[in-house]
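J.: Dropping in work.tsv, which is TSV, C-alpha atoms:
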```tsv
chain	number	residue	atom	x	y	z
Q	1	MET	CA	16.18	9.05	-44.72
Q	2	ALA	CA	15.09	7.06	-41.66
Q	3	GLU	CA	12.12	8.37	-39.71
Q	4	GLU	CA	13.20	10.31	-36.65
Q	5	LYS	CA	12.42	8.51	-33.41
Q	6	ARG	CA	10.14	10.09	-30.84
Q	7	ASP	CA	11.41	10.94	-27.40
Q	8	TYR	CA	11.07	7.87	-25.15
Q	9	TYR	CA	9.44	9.88	-22.36
Q	10	GLU	CA	6.94	11.25	-24.88
Q	11	VAL	CA	6.24	7.74	-26.17
Q	12	LEU	CA	5.30	6.52	-22.68
Q	13	GLY	CA	3.56	9.77	-21.79
Q	14	VAL	CA	5.59	10.35	-18.61
Q	15	SER	CA	7.81	13.13	-17.31
Q	16	LYS	CA	11.61	12.88	-17.21
Q	17	THR	CA	11.42	12.49	-13.44
Q	18	ALA	CA	9.08	9.49	-13.60
Q	19	ASP	CA	9.98	6.68	-11.22
Q	20	GLU	CA	9.95	2.95	-11.93
Q	21	ALA	CA	6.32	2.51	-10.89
Q	22	GLU	CA	5.14	5.32	-13.21
Q	23	LEU	CA	7.12	3.86	-16.11
Q	24	LYS	CA	5.68	0.41	-15.56
Q	25	LYS	CA	2.11	1.71	-15.26
Q	26	ALA	CA	2.44	3.76	-18.46
Q	27	TYR	CA	3.98	0.88	-20.38
Q	28	ARG	CA	1.39	-1.60	-19.14
Q	29	ALA	CA	-1.43	0.60	-20.43
Q	30	LEU	CA	0.18	1.00	-23.87
Q	31	ALA	CA	1.09	-2.67	-24.10
Q	32	LYS	CA	-2.49	-3.73	-23.37
Q	33	LYS	CA	-3.74	-1.29	-25.97
Q	34	TYR	CA	-1.37	-2.13	-28.82
Q	35	HIS	CA	-0.16	-5.70	-28.28
Q	36	PRO	CA	-0.05	-7.52	-31.66
Q	37	ASP	CA	-2.03	-10.46	-30.26
Q	38	MET	CA	-4.91	-8.05	-29.67
Q	39	HIS	CA	-4.59	-6.50	-33.15
Q	40	PRO	CA	-3.52	-9.25	-35.56
Q	41	GLY	CA	-2.35	-7.83	-38.89
Q	42	ASP	CA	-2.49	-4.21	-37.70
Q	43	LYS	CA	0.93	-2.82	-38.66
Q	44	GLU	CA	0.29	0.52	-36.95
Q	45	ALA	CA	-0.56	-1.14	-33.64
Q	46	GLU	CA	2.48	-3.39	-33.99
Q	47	GLN	CA	4.72	-0.39	-34.55
Q	48	LYS	CA	3.31	1.47	-31.54
Q	49	PHE	CA	3.75	-1.61	-29.37
Q	50	LYS	CA	7.35	-1.96	-30.51
Q	51	GLU	CA	7.99	1.73	-29.94
Q	52	ALA	CA	6.57	1.58	-26.40
Q	53	SER	CA	8.47	-1.60	-25.58
Q	54	GLU	CA	11.72	-0.07	-26.80
Q	55	ALA	CA	11.13	3.05	-24.73
Q	56	TYR	CA	10.36	1.03	-21.61
Q	57	ALA	CA	13.34	-1.30	-22.15
Q	58	VAL	CA	15.67	1.71	-22.06
Q	59	LEU	CA	14.04	3.83	-19.37
Q	60	SER	CA	13.43	0.93	-16.97
Q	61	ASP	CA	17.17	0.14	-16.95
Q	62	PRO	CA	19.06	2.68	-14.77
Q	63	ASP	CA	22.29	2.49	-16.81
Q	64	LYS	CA	20.56	2.75	-20.18
Q	65	ARG	CA	18.36	5.57	-18.88
Q	66	ARG	CA	21.46	7.56	-17.84
Q	67	GLN	CA	22.94	7.03	-21.29
Q	68	TYR	CA	19.71	8.10	-22.96
Q	69	ASP	CA	19.37	11.20	-20.75
Q	70	GLN	CA	22.92	12.19	-21.71
Q	71	PHE	CA	23.11	11.29	-25.38
Q	72	GLY	CA	19.50	10.74	-26.48
Q	73	HIS	CA	18.84	8.16	-29.20
Q	74	ALA	CA	22.44	8.48	-30.31
Q	75	ALA	CA	23.43	6.47	-27.25
Q	76	PHE	CA	22.07	3.33	-28.94
Q	77	ASP	CA	22.57	3.88	-32.66
Q	78	GLY	CA	26.37	3.73	-32.65
Q	79	THR	CA	26.92	7.47	-33.18
Q	80	GLY	CA	26.88	8.70	-29.59
Q	81	GLY	CA	29.48	8.79	-26.88
Q	82	ALA	CA	28.12	5.62	-25.27
Q	83	GLY	CA	29.26	3.48	-28.17
Q	84	GLY	CA	25.78	2.29	-29.18
Q	85	PHE	CA	23.33	-0.29	-27.80
Q	86	ASP	CA	22.16	-3.50	-29.49
Q	87	PHE	CA	18.49	-4.29	-28.78
Q	88	SER	CA	18.81	-7.75	-30.29
Q	89	GLY	CA	20.81	-8.86	-27.27
Q	90	MET	CA	18.23	-7.71	-24.76
Q	91	ASP	CA	16.51	-10.18	-22.43
Q	92	MET	CA	12.90	-9.04	-22.50
Q	93	GLY	CA	11.72	-12.04	-20.48
Q	94	ASP	CA	11.42	-10.19	-17.20
Q	95	ILE	CA	9.58	-7.31	-18.83
Q	96	PHE	CA	6.99	-9.49	-20.54
Q	97	GLY	CA	6.74	-11.97	-17.70
Q	98	ASP	CA	6.02	-9.20	-15.22
Q	99	LEU	CA	3.66	-7.17	-17.37
Q	100	PHE	CA	1.76	-9.75	-19.40
Q	101	GLY	CA	1.33	-12.64	-17.01
Q	102	ASP	CA	-2.13	-11.36	-16.12
Q	103	LEU	CA	-3.10	-10.72	-19.73
Q	104	PHE	CA	-2.02	-13.84	-21.53
Q	105	GLY	CA	-1.50	-16.40	-18.79
Q	106	GLY	CA	2.19	-16.78	-19.54
Q	107	GLY	CA	5.37	-15.00	-18.75
Q	108	ARG	CA	7.97	-15.42	-16.06
Q	109	SER	CA	7.31	-15.50	-12.36
Q	110	ARG	CA	9.71	-15.67	-9.45
Q	111	ARG	CA	7.48	-17.95	-7.39
Q	112	SER	CA	7.93	-21.66	-7.05
Q	113	TYR	CA	5.86	-23.32	-9.77
Q	114	ASN	CA	5.60	-26.68	-8.07
Q	115	GLY	CA	4.61	-25.27	-4.69
Q	116	PRO	CA	1.20	-25.80	-3.07
Q	117	MET	CA	-1.65	-24.78	-5.37
Q	118	GLN	CA	-5.38	-24.61	-4.68
Q	119	GLY	CA	-7.55	-27.02	-6.62
Q	120	ALA	CA	-9.95	-25.95	-9.33
Q	121	ASN	CA	-13.52	-24.90	-8.58
Q	122	VAL	CA	-16.35	-27.22	-9.61
Q	123	ARG	CA	-19.70	-25.96	-10.90
Q	124	THR	CA	-23.07	-27.67	-10.67
Q	125	GLY	CA	-26.72	-26.63	-10.48
Q	126	VAL	CA	-29.85	-27.14	-8.40
Q	127	ARG	CA	-33.51	-26.35	-9.15
Q	128	ILE	CA	-35.88	-24.96	-6.51
Q	129	THR	CA	-39.43	-23.61	-6.46
Q	130	PHE	CA	-40.42	-19.97	-6.18
Q	131	ALA	CA	-41.73	-20.65	-2.67
Q	132	GLU	CA	-38.40	-22.25	-1.65
Q	133	ALA	CA	-36.58	-19.17	-2.92
Q	134	PHE	CA	-38.70	-17.11	-0.53
Q	135	THR	CA	-38.28	-19.28	2.55
Q	136	GLY	CA	-34.84	-20.76	1.90
Q	137	CYS	CA	-34.33	-24.50	1.95
Q	138	GLU	CA	-31.92	-27.43	2.20
Q	139	LYS	CA	-31.19	-29.37	-0.96
Q	140	GLU	CA	-29.18	-32.52	-1.50
Q	141	ILE	CA	-27.14	-32.77	-4.68
Q	142	SER	CA	-24.99	-35.55	-6.13
Q	143	ILE	CA	-21.60	-34.84	-7.68
Q	144	ASN	CA	-18.50	-36.75	-8.76
Q	145	GLN	CA	-15.82	-35.75	-6.27
Q	146	LYS	CA	-12.11	-36.51	-6.24
Q	147	ASP	CA	-10.39	-37.68	-3.05
Q	148	GLU	CA	-6.86	-38.65	-2.17
Q	149	CYS	CA	-6.12	-42.18	-3.30
Q	150	ALA	CA	-6.19	-44.46	-0.25
Q	151	ASN	CA	-3.70	-46.84	-1.89
Q	152	CYS	CA	-0.85	-44.40	-2.58
Q	153	HIS	CA	-1.95	-41.57	-0.21
Q	154	GLY	CA	-1.94	-39.07	-3.04
Q	155	THR	CA	1.61	-39.62	-4.32
Q	156	GLY	CA	0.47	-41.38	-7.51
Q	157	ALA	CA	3.29	-43.90	-7.10
Q	158	ARG	CA	2.90	-47.62	-6.50
Q	159	PRO	CA	3.11	-48.40	-2.77
Q	160	GLY	CA	6.75	-49.05	-1.85
Q	161	THR	CA	8.01	-46.58	-4.49
Q	162	SER	CA	8.27	-42.78	-4.60
Q	163	PRO	CA	8.08	-40.13	-7.32
Q	164	GLU	CA	11.45	-38.92	-8.63
Q	165	THR	CA	12.59	-35.35	-9.07
Q	166	CYS	CA	12.32	-34.34	-12.73
Q	167	SER	CA	15.81	-34.13	-14.22
Q	168	LYS	CA	14.78	-31.77	-17.00
Q	169	CYS	CA	13.55	-28.94	-14.75
Q	170	GLY	CA	15.31	-29.90	-11.53
Q	171	GLY	CA	11.99	-30.13	-9.73
Q	172	ARG	CA	10.94	-26.55	-10.51
Q	173	GLY	CA	8.20	-27.60	-12.89
Q	174	ARG	CA	9.25	-24.91	-15.37
Q	175	VAL	CA	11.88	-24.69	-18.08
Q	176	VAL	CA	13.40	-21.62	-19.75
Q	177	PHE	CA	13.35	-21.39	-23.52
Q	178	THR	CA	14.57	-18.79	-26.00
Q	179	GLN	CA	12.66	-17.60	-29.04
Q	180	GLN	CA	12.90	-14.96	-31.73
Q	181	SER	CA	10.67	-11.91	-31.20
Q	182	LEU	CA	10.18	-8.42	-32.63
Q	183	PHE	CA	13.12	-7.33	-30.52
Q	184	GLY	CA	15.50	-10.19	-31.15
Q	185	MET	CA	16.01	-13.20	-28.92
Q	186	MET	CA	13.75	-13.36	-25.89
Q	187	GLN	CA	13.79	-15.73	-22.95
Q	188	SER	CA	10.62	-17.01	-21.38
Q	189	GLU	CA	9.36	-19.91	-19.27
Q	190	GLN	CA	6.84	-22.65	-19.76
Q	191	ALA	CA	5.65	-25.76	-17.95
Q	192	CYS	CA	8.15	-28.58	-18.13
Q	193	PRO	CA	7.02	-30.98	-20.88
Q	194	ASP	CA	8.41	-34.03	-19.07
Q	195	CYS	CA	6.70	-33.62	-15.69
Q	196	LYS	CA	3.80	-31.41	-16.86
Q	197	GLY	CA	4.78	-28.75	-14.36
Q	198	THR	CA	4.69	-30.98	-11.29
Q	199	GLY	CA	8.46	-31.25	-10.83
Q	200	LYS	CA	8.08	-35.01	-10.28
Q	201	ILE	CA	8.31	-38.08	-12.49
Q	202	ILE	CA	6.35	-41.21	-11.52
Q	203	ARG	CA	8.08	-44.31	-12.87
Q	204	ASN	CA	5.79	-46.87	-11.20
Q	205	LYS	CA	2.22	-45.64	-11.16
Q	206	CYS	CA	-0.32	-46.62	-8.55
Q	207	PRO	CA	-2.68	-49.21	-10.11
Q	208	GLN	CA	-5.67	-47.86	-8.22
Q	209	CYS	CA	-5.46	-44.21	-9.37
Q	210	SER	CA	-3.28	-44.66	-12.49
Q	211	GLY	CA	-0.73	-42.22	-11.12
Q	212	THR	CA	-3.07	-39.29	-10.57
Q	213	GLY	CA	-3.05	-39.57	-6.79
Q	214	TYR	CA	-6.86	-39.28	-6.68
Q	215	THR	CA	-9.91	-41.47	-7.04
Q	216	THR	CA	-13.42	-40.35	-8.03
Q	217	SER	CA	-16.64	-41.33	-6.31
Q	218	ARG	CA	-20.28	-40.22	-6.38
Q	219	LYS	CA	-21.17	-38.21	-3.29
Q	220	LYS	CA	-24.24	-36.52	-1.89
Q	221	ILE	CA	-23.76	-33.04	-0.50
Q	222	SER	CA	-26.27	-30.90	1.39
Q	223	VAL	CA	-26.63	-27.32	0.19
Q	224	SER	CA	-28.22	-24.57	2.28
Q	225	ILE	CA	-30.14	-22.25	-0.03
Q	226	PRO	CA	-30.62	-18.85	1.65
Q	227	ALA	CA	-33.99	-17.10	1.68
Q	228	GLY	CA	-34.26	-14.47	-1.06
Q	229	ILE	CA	-32.01	-16.26	-3.56
Q	230	ASP	CA	-32.69	-15.24	-7.15
Q	231	ASP	CA	-32.54	-17.23	-10.35
Q	232	GLY	CA	-28.95	-17.67	-11.59
Q	233	GLN	CA	-27.27	-16.75	-8.30
Q	234	VAL	CA	-24.55	-19.03	-6.95
Q	235	VAL	CA	-24.04	-20.65	-3.55
Q	236	ARG	CA	-20.35	-21.29	-2.79
Q	237	LEU	CA	-19.34	-24.33	-0.71
Q	238	ARG	CA	-15.78	-23.82	0.45
Q	239	GLY	CA	-13.39	-26.74	0.08
Q	240	GLN	CA	-15.77	-29.00	-1.89
Q	241	GLY	CA	-14.07	-28.60	-5.28
Q	242	GLU	CA	-11.08	-30.29	-6.91
Q	243	PRO	CA	-8.19	-31.34	-4.65
Q	244	GLY	CA	-5.16	-29.05	-4.52
Q	245	THR	CA	-1.71	-30.04	-5.75
Q	246	ASN	CA	1.48	-30.35	-3.73
Q	247	GLY	CA	-0.43	-29.96	-0.49
Q	248	GLY	CA	-2.59	-27.06	-1.64
Q	249	PRO	CA	-6.20	-26.64	-0.41
Q	250	ARG	CA	-9.24	-27.90	-2.29
Q	251	GLY	CA	-11.14	-25.60	-4.59
Q	252	ASP	CA	-14.78	-24.63	-4.04
Q	253	LEU	CA	-18.07	-26.08	-5.22
Q	254	LEU	CA	-20.18	-23.44	-6.98
Q	255	VAL	CA	-23.89	-24.32	-7.02
Q	256	GLU	CA	-25.93	-22.27	-9.47
Q	257	VAL	CA	-29.55	-21.96	-8.33
Q	258	ASN	CA	-32.32	-22.21	-10.91
Q	259	VAL	CA	-35.63	-20.88	-9.55
Q	260	ALA	CA	-38.68	-22.37	-11.26
Q	261	PRO	CA	-41.19	-19.73	-12.42
Q	262	ASP	CA	-44.49	-19.30	-10.57
Q	263	ALA	CA	-47.66	-18.91	-12.64
Q	264	GLY	CA	-48.98	-16.15	-10.39
Q	265	PHE	CA	-45.83	-14.18	-9.62
Q	266	ALA	CA	-43.12	-12.31	-11.47
Q	267	ARG	CA	-39.98	-11.06	-9.75
Q	268	GLN	CA	-37.53	-8.20	-10.20
Q	269	ASP	CA	-34.77	-8.04	-7.60
Q	270	MET	CA	-36.59	-8.09	-4.24
Q	271	ASP	CA	-39.97	-6.96	-5.59
Q	272	ILE	CA	-42.83	-9.26	-6.63
Q	273	TYR	CA	-45.49	-8.49	-9.24
Q	274	SER	CA	-48.90	-10.11	-9.72
Q	275	MET	CA	-52.38	-9.40	-11.08
Q	276	ALA	CA	-55.84	-9.66	-9.52
Q	277	ASN	CA	-59.13	-9.69	-11.38
Q	278	ILE	CA	-61.98	-7.59	-10.01
Q	279	SER	CA	-65.50	-7.14	-11.29
Q	280	PHE	CA	-66.85	-3.96	-12.82
Q	281	ALA	CA	-69.02	-3.45	-9.75
Q	282	GLN	CA	-66.03	-3.88	-7.40
Q	283	ALA	CA	-64.06	-1.35	-9.42
Q	284	ALA	CA	-66.86	1.18	-9.24
Q	285	LEU	CA	-68.06	0.60	-5.66
Q	286	GLY	CA	-64.93	-0.73	-3.99
Q	287	GLY	CA	-64.79	-3.74	-1.73
Q	288	ASP	CA	-62.54	-6.35	-0.18
Q	289	ILE	CA	-60.75	-8.95	-2.30
Q	290	ARG	CA	-58.42	-11.83	-1.44
Q	291	VAL	CA	-54.89	-11.49	-2.80
Q	292	ARG	CA	-52.33	-14.29	-2.98
Q	293	THR	CA	-48.87	-13.28	-1.71
Q	294	VAL	CA	-45.75	-15.23	-0.77
Q	295	ASP	CA	-46.95	-14.97	2.84
Q	296	GLY	CA	-50.34	-16.47	1.99
Q	297	GLU	CA	-53.68	-14.82	1.24
Q	298	VAL	CA	-54.29	-11.27	2.48
Q	299	ILE	CA	-57.34	-9.02	2.27
Q	300	TYR	CA	-57.01	-5.89	0.15
Q	301	SER	CA	-59.67	-3.17	0.10
Q	302	VAL	CA	-60.31	-1.95	-3.43
Q	303	LYS	CA	-61.02	1.77	-3.50
Q	304	PRO	CA	-64.26	2.99	-5.16
Q	305	GLY	CA	-63.66	4.27	-8.68
Q	306	THR	CA	-60.59	2.09	-9.29
Q	307	GLN	CA	-59.55	2.26	-12.94
Q	308	PRO	CA	-58.47	-0.71	-15.07
Q	309	GLY	CA	-54.72	-1.35	-14.80
Q	310	THR	CA	-54.34	0.41	-11.45
Q	311	ARG	CA	-51.18	-0.76	-9.66
Q	312	VAL	CA	-51.09	-0.79	-5.87
Q	313	ARG	CA	-48.23	-1.57	-3.50
Q	314	LEU	CA	-48.35	-4.11	-0.70
Q	315	LYS	CA	-45.44	-2.84	1.34
Q	316	GLY	CA	-43.01	-5.39	2.73
Q	317	LYS	CA	-44.65	-8.34	0.97
Q	318	GLY	CA	-41.78	-9.00	-1.44
Q	319	MET	CA	-38.66	-11.18	-1.22
Q	320	PRO	CA	-36.26	-10.95	1.74
Q	321	SER	CA	-32.77	-9.53	1.32
Q	322	LEU	CA	-29.99	-12.10	1.10
Q	323	ARG	CA	-27.89	-10.02	3.49
Q	324	ASN	CA	-30.62	-9.15	5.98
Q	325	ARG	CA	-33.80	-11.21	6.30
Q	326	GLY	CA	-35.38	-8.34	8.21
Q	327	ILE	CA	-35.44	-6.30	4.99
Q	328	ARG	CA	-37.98	-7.20	2.32
Q	329	GLY	CA	-39.09	-5.86	-1.02
Q	330	ASP	CA	-42.65	-4.94	-1.95
Q	331	HIS	CA	-45.48	-6.70	-3.77
Q	332	TYR	CA	-46.99	-4.71	-6.64
Q	333	LEU	CA	-50.55	-5.72	-7.53
Q	334	THR	CA	-52.16	-4.75	-10.84
Q	335	LEU	CA	-55.97	-4.65	-10.73
Q	336	ASN	CA	-57.60	-5.97	-13.87
Q	337	VAL	CA	-61.26	-5.02	-14.29
Q	338	GLN	CA	-63.12	-7.90	-15.91
Q	339	VAL	CA	-65.81	-7.06	-18.43
Q	340	PRO	CA	-68.54	-9.74	-18.35
Q	341	THR	CA	-69.17	-11.63	-21.58
Q	342	LYS	CA	-72.53	-13.11	-20.52
Q	343	LEU	CA	-75.36	-11.03	-19.05
Q	344	SER	CA	-78.90	-11.89	-18.05
Q	345	GLU	CA	-81.70	-9.79	-19.48
Q	346	GLU	CA	-82.15	-8.09	-16.14
Q	347	ALA	CA	-78.44	-7.23	-16.02
Q	348	LYS	CA	-78.63	-5.79	-19.52
Q	349	ARG	CA	-81.59	-3.63	-18.51
Q	350	ALA	CA	-79.63	-2.50	-15.44
Q	351	LEU	CA	-76.70	-1.45	-17.64
Q	352	ARG	CA	-78.97	0.47	-19.98
Q	353	GLU	CA	-80.50	2.07	-16.91
Q	354	TYR	CA	-77.00	2.97	-15.75
Q	355	ASP	CA	-76.29	4.70	-19.07
Q	356	ALA	CA	-79.54	6.61	-18.70
Q	357	VAL	CA	-78.73	7.69	-15.13
Q	358	THR	CA	-75.22	8.86	-16.06
Q	359	GLY	CA	-76.29	10.54	-19.28
Q	360	ASN	CA	-74.28	8.24	-21.51
Q	361	THR	CA	-76.21	8.26	-24.81
Q	362	LEU	CA	-73.36	7.29	-27.15
Q	363	GLY	CA	-74.53	5.00	-29.92
Q	364	GLN	CA	-78.24	5.69	-29.28
Q	365	SER	CA	-80.69	7.04	-31.85
Q	366	PRO	CA	-82.24	10.48	-31.16
Q	367	GLU	CA	-85.56	8.98	-30.16
Q	368	ASN	CA	-83.84	6.58	-27.79
Q	369	SER	CA	-81.86	9.51	-26.38
Q	370	GLU	CA	-85.07	11.40	-25.64
Q	371	SER	CA	-86.57	8.29	-24.15
Q	372	ALA	CA	-83.50	7.78	-22.03
Q	373	SER	CA	-83.55	11.42	-20.93
Q	374	GLY	CA	-87.20	11.20	-20.02
Q	375	SER	CA	-86.67	8.10	-17.98
Q	376	ARG	CA	-83.89	9.53	-15.77
Q	377	SER	CA	-86.22	10.71	-13.05
Q	378	LYS	CA	-88.01	7.37	-12.98
Q	379	ALA	CA	-84.76	5.54	-12.90
Q	380	GLY	CA	-83.66	7.74	-10.08
Q	381	GLU	CA	-86.77	6.84	-8.13
Q	382	LYS	CA	-86.14	3.15	-8.72
Q	383	GLY	CA	-82.57	3.66	-7.57
Q	384	LYS	CA	-83.86	4.91	-4.24
Q	385	LYS	CA	-85.79	1.72	-3.75
Q	386	LYS	CA	-82.96	-0.58	-4.82
Q	387	GLY	CA	-79.49	0.60	-5.76
Q	388	PHE	CA	-78.38	0.20	-9.34
Q	389	PHE	CA	-75.15	-1.56	-8.45
Q	390	ASP	CA	-76.97	-3.80	-6.04
Q	391	LYS	CA	-79.07	-4.97	-8.98
Q	392	LEU	CA	-75.97	-5.22	-11.13
Q	393	LYS	CA	-74.18	-7.46	-8.64
Q	394	GLU	CA	-77.18	-9.76	-8.50
Q	395	ASN	CA	-77.48	-10.15	-12.25
Q	396	PHE	CA	-73.91	-10.45	-13.53
Q	397	GLU	CA	-73.18	-13.96	-14.72
Q	398	GLU	CA	-69.68	-15.25	-15.30
```
Would you write out, as structure tokens, the structure that this file holds?
T.:
Amino acid sequence: MAEEKRDYYEVLGVSKTADEAELKKAYRALAKKYHPDMHPGDKEAEQKFKEASEAYAVLSDPDKRRQYDQFGHAAFDGTGGAGGFDFSGMDMGDIFGDLFGDLFGGGRSRRSYNGPMQGANVRTGVRITFAEAFTGCEKEISINQKDECANCHGTGARPGTSPETCSKCGGRGRVVFTQQSLFGMMQSEQACPDCKGTGKIIRNKCPQCSGTGYTTSRKKISVSIPAGIDDGQVVRLRGQGEPGTNGGPRGDLLVEVNVAPDAGFARQDMDIYSMANISFAQAALGGDIRVRTVDGEVIYSVKPGTQPGTRVRLKGKGMPSLRNRGIRGDHYLTLNVQVPTKLSEEAKRALREYDAVTGNTLGQSPENSESASGSRSKAGEKGKKKGFFDKLKENFEE
């Protein structure tokens, strides 16, 4: 016994009052989900696609929908009052052309195929420095660019002759063909094989452009790189791409910007990150240091007691916004406390004195601890005469 068919409205997931737009939207979603080209070899997906297509084919046709509403599936299986309906005779071309043109690049369209069409976009690249990304700059690039042939003025035909209208497609650039599908015979369209979709046949080709209508030359083009551009972003130059066809406009030139890395800076969006080395004494006592930014060197005052790895923000010292140069990111500075690897004897004594003053006796023997404890008052007296960190600054060697 054959499997009972599901209700067409249930298949598409719409109500019985659904209009044409709702039907098309529901079918489009199911077709994208279950199309056999998206699920090769999946019999279940193929069956669901066929079921949805059958439901849409009936409900999208006003006459067939009336028959279905009156007689149900019996209207098309030869047992109902409508006398049956043969799906193999259906022309599904309009359905697939309308719904799948955007998915698979094919299908039928009601526009003129040999009308004016915009030319293709061309991609190239340019390399700039980190500093140029901050300020913006002008760069000159060289590309191979097509232009209308001066000999035939873009027709592709030898001067004194003209292209002929293609007899196979009648100048449309498209031909209709019929093929077997899951639902029987289906009509569709494709580019005319004789004229390659142009609608014209060139019998006598221009010797200068070989019938293409265009010649290629090496050209230099100036590109304005905006301030704040990031690595991988694209600058679009309108009308600098491939020539259009049949009087269509040129495509665009897409210039991908490659920003060279800077040894001292890292970037994330509009923010800049860098590191500054400070001495142990500067970390403990504080002090002014020079910091390199994209604006040049600035003075930053290190706070006393700064810990290793402290990150501070230099507000408004980052990259400018592409949309508004008055808006800038921030510069985040990580302070790296350098531990000296070479010390003079006096510096070593000063450090030991520091441990004694602060009570740090880790790693010392008991007798040394007592000695250190007993020397605190003396060390304190010496500190009054000359500060410990003053001595430390004098004796650190790089």
J.: Extract, using all atoms listed in the file, all DNA, RNA and protein residues at most 8 Å from Ser224 in chain Q, discarding same-chain residues fewer than 3 positions from it, and format them as an MDAnalysis selection string.
T.: chainID Q and resid 136:139
J.: Mind pulling up the distance from CA of Val14 in chain Q to CA of Lys50 in chain Q?
T.: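 Answer for the CA of Lys50 in chain Q to CA of Val14 in chain Q separation: 17.2 Å.
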J.: Got a sec: who's within 8 Å of range 42-49 of chain Q, counting all atoms listed in the file, leaving out chain neighbours fewer than 6 positions off, as a list in words?
T.: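 In the requested form, the answer reads Leu30, Ala31, Tyr34, His35 and Pro36 of chain Q.
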J.: Given only C-alpha atoms as the basis, pick out the residue of Q:Gly286, Q:Gly318, Q:Gly247, Q:Gly125 nearest to Ile225 in chain Q.
T.: Q:Gly125
J.: Would you compute the distance between CA of Glu51 in chain Q and CA of Met38 in chain Q? Give it in Å to one decimal.
T.: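 About the pair CA of Glu51 in chain Q and CA of Met38 in chain Q: they are 16.2 Å apart.
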J.: How far is it from CA of Thr216 in chain Q to CA of Ala150 in chain Q, in Å with one decimal?
T.: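 The value is 11.4 Å.
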J.: Taking (10.3, 9.3, -33.7) in the file's coordinates, which residues come within 12 Å, counting only C-alpha atoms, written as a ChimeraX atom specification?
T.: /Q:2-11,47-48,51-52,54-55,72-73
J.: Using only C-alpha atoms, determine which residues lie at most 9 Å from range 205-210 of chain Q, disregarding the query and same-chain residues fewer than 6 positions distant; provide the list as a ChimeraX atom specification.
T.: /Q:149-152,154-159,161,163,216
J.: Go through Q:Ile289, Q:Ile202, Q:Ile327, Q:Ala281 and flag the residue nearest Val339 in chain Q, using only C-alpha atoms for the distances.
T.: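 Answer, going by the shortest atom-to-atom distance: Q:Ala281.
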J.: Can you tell me, as a list in words, what residues are no more than 12 Å from Arg328 in chain Q when counting only C-alpha atoms, ignoring any on the same chain fewer than 5 positions away?
T.: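 Skipping anything fewer than 5 positions along the chain leaves Phe134, Ala227, Gly228, Asp269, Met270, Asp271, Ile272, Val294, Asp295, Leu314, Lys315, Gly316, Lys317, Gly318, Met319, Pro320, Ser321, Leu322 and Arg323 of chain Q.
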J.: Can you pull out the residues contacting range 234-242 of chain Q? Cut-off 12 Å, using all atoms listed in the file, and skip same-chain residues under 2 positions away; I want them as a PyMOL selection string.
T.: chain Q and resi 117-127+138-139+143-148+214-216+219-227+229-232+244-245+248-259+322
